[in-house]
Amino acid sequence: MTSVGLAHLTLLRLSPPELVTTAAEAGFDFVGVRVRAATVGERQYPMAAGSPMSRETVRRLDDTGLRVRDIEFLALGPDTRPGDWAATLEAGAALGASTISVTGSDPDRGRLTDTLAALTEDALELGIRPTLEPISYQPVRTVADAAAIASSAGAALLLDPLHIQRGGSTIDDVRALDPDLVPVLQLCDGPLAAPERLDLPAELPLGMTADGSVLQVEARVQRQVPGEGEFALAALIAAAPEGTPLSVEVPRVTELTPLEFAKRNLSAVRALVSAHV
């Protein structure tokens, strides 16, 4: 059976220990945990290696049998250096994470590749592999570009249907990838065409920010549950290597409780996988 996980952005208002408990109660197999703030001004959960919250998260992982697959989030910009990722990697290693998600925020492709290679070297020493995610509003926005950079740096990819659609990539681009580059596939849904306008909610979880652009607002707070939009998710799953783990990343304003929303997403993904089989 394909393993299915819950990405932290789906329920960012939950602390990592709460996320683990909720994911386990809903029936997920693994979680992704945000151990580093992703946007300017965002409050950060105190997840340094050895911190009380980190130890509590590990305890709940042990109690539930879940595991942390990925940690997030690191934007690789022109000035990113080893000092920017050392504590993040240590936090991930304490949780037993196997990947760290990163984005290419540096427009200089050669420098970005060198930075990612340096990160990969340090991360692999701790059993963690960076996964470069093409983001529709970042310099690295297509699957093909991300694959070329990741391959050169010894890293992997993190693929998300929203950014595949908004960044101008296709299912064929995914199908053409070396299977080793795809350790996990994120899932969400949405309309084929980007909305002309989306209003930013008055408050985002943890003080997370967006510049007001439609692409950022949609990505951070307005995604749809798998199967409730127009993305070709069944085709995307079929294009990925057989048995690729699936991670639900569906940040959305909802009146459902965290557990109810988690269960709704898991049910939707299980339905997709069953249809694919």
# chains A, B, ... in the order shown; residues from 1 in each chain; ligands from 1
call {"tool": "select_by_dssp", "arguments": {"residues": "stretch 4-216 of chain A", "states": "alpha helix (DSSP H)", "output": "NGL selection string"}}
result
:A and (16-26 or 52-64 or 82-95 or 109-124 or 143-153 or 161-166 or 171-175 or 214-216)
call {"tool": "residues_around", "arguments": {"residues": "A:Asp29", "least_positions_apart": "2", "cutoff": "6 Å", "atoms": "only C-alpha atoms", "output": "JSON, numbers by chain"}}
result
{"A": [3, 4, 5, 66]}
call {"tool": "closest_residue", "arguments": {"among": "A:Asp122, A:Asp79, A:Asp189, A:Glu90", "to": "A:Glu228", "atoms": "only C-alpha atoms"}}
result
A:Asp189
call {"tool": "atom_distance", "arguments": {"atom1": "atom CA of A:Leu185", "atom2": "atom CA of A:Ser247"}}
result
6.1 Å
call {"tool": "residues_around", "arguments": {"residues": "stretch 190-198 of chain A", "least_positions_apart": "3", "cutoff": "7 Å", "atoms": "only C-alpha atoms", "output": "VMD selection string"}}
result
chain A and resid 214 217 223 to 224 229 to 231
call {"tool": "write_last_selection", "arguments": {"atoms": "N, CA, C and O atoms", "output": "mmCIF file, in the first residue's frame"}}
result
data_model
loop_
_atom_site.group_PDB
_atom_site.id
_atom_site.type_symbol
_atom_site.label_atom_id
_atom_site.label_comp_id
_atom_site.auth_asym_id
_atom_site.auth_seq_id
_atom_site.Cartn_x
_atom_site.Cartn_y
_atom_site.Cartn_z
ATOM 1 N N VAL A 214 -1.323 36.520 -6.311
ATOM 2 C CA VAL A 214 -2.252 35.398 -6.371
ATOM 3 C C VAL A 214 -1.535 34.075 -6.159
ATOM 4 O O VAL A 214 -2.015 33.197 -5.427
ATOM 5 N N VAL A 217 -0.634 33.621 -2.403
ATOM 6 C CA VAL A 217 -1.825 33.425 -1.571
ATOM 7 C C VAL A 217 -2.417 32.038 -1.815
ATOM 8 O O VAL A 217 -2.765 31.314 -0.866
ATOM 9 N N ARG A 223 -5.397 26.266 -1.133
ATOM 10 C CA ARG A 223 -5.385 25.044 -1.958
ATOM 11 C C ARG A 223 -6.657 24.230 -1.715
ATOM 12 O O ARG A 223 -7.347 24.421 -0.719
ATOM 13 N N GLN A 224 -6.927 23.306 -2.622
ATOM 14 C CA GLN A 224 -8.115 22.474 -2.514
ATOM 15 C C GLN A 224 -7.739 21.039 -2.175
ATOM 16 O O GLN A 224 -6.631 20.571 -2.479
ATOM 17 N N GLY A 229 -10.653 19.591 -7.166
ATOM 18 C CA GLY A 229 -10.291 20.609 -8.141
ATOM 19 C C GLY A 229 -10.166 20.004 -9.522
ATOM 20 O O GLY A 229 -10.809 18.991 -9.829
ATOM 21 N N GLU A 230 -9.296 20.595 -10.342
ATOM 22 C CA GLU A 230 -9.186 20.182 -11.742
ATOM 23 C C GLU A 230 -7.822 19.618 -12.118
ATOM 24 O O GLU A 230 -7.600 19.273 -13.271
ATOM 25 N N PHE A 231 -6.903 19.503 -11.167
ATOM 26 C CA PHE A 231 -5.581 18.986 -11.499
ATOM 27 C C PHE A 231 -5.660 17.501 -11.868
ATOM 28 O O PHE A 231 -6.475 16.757 -11.314
#
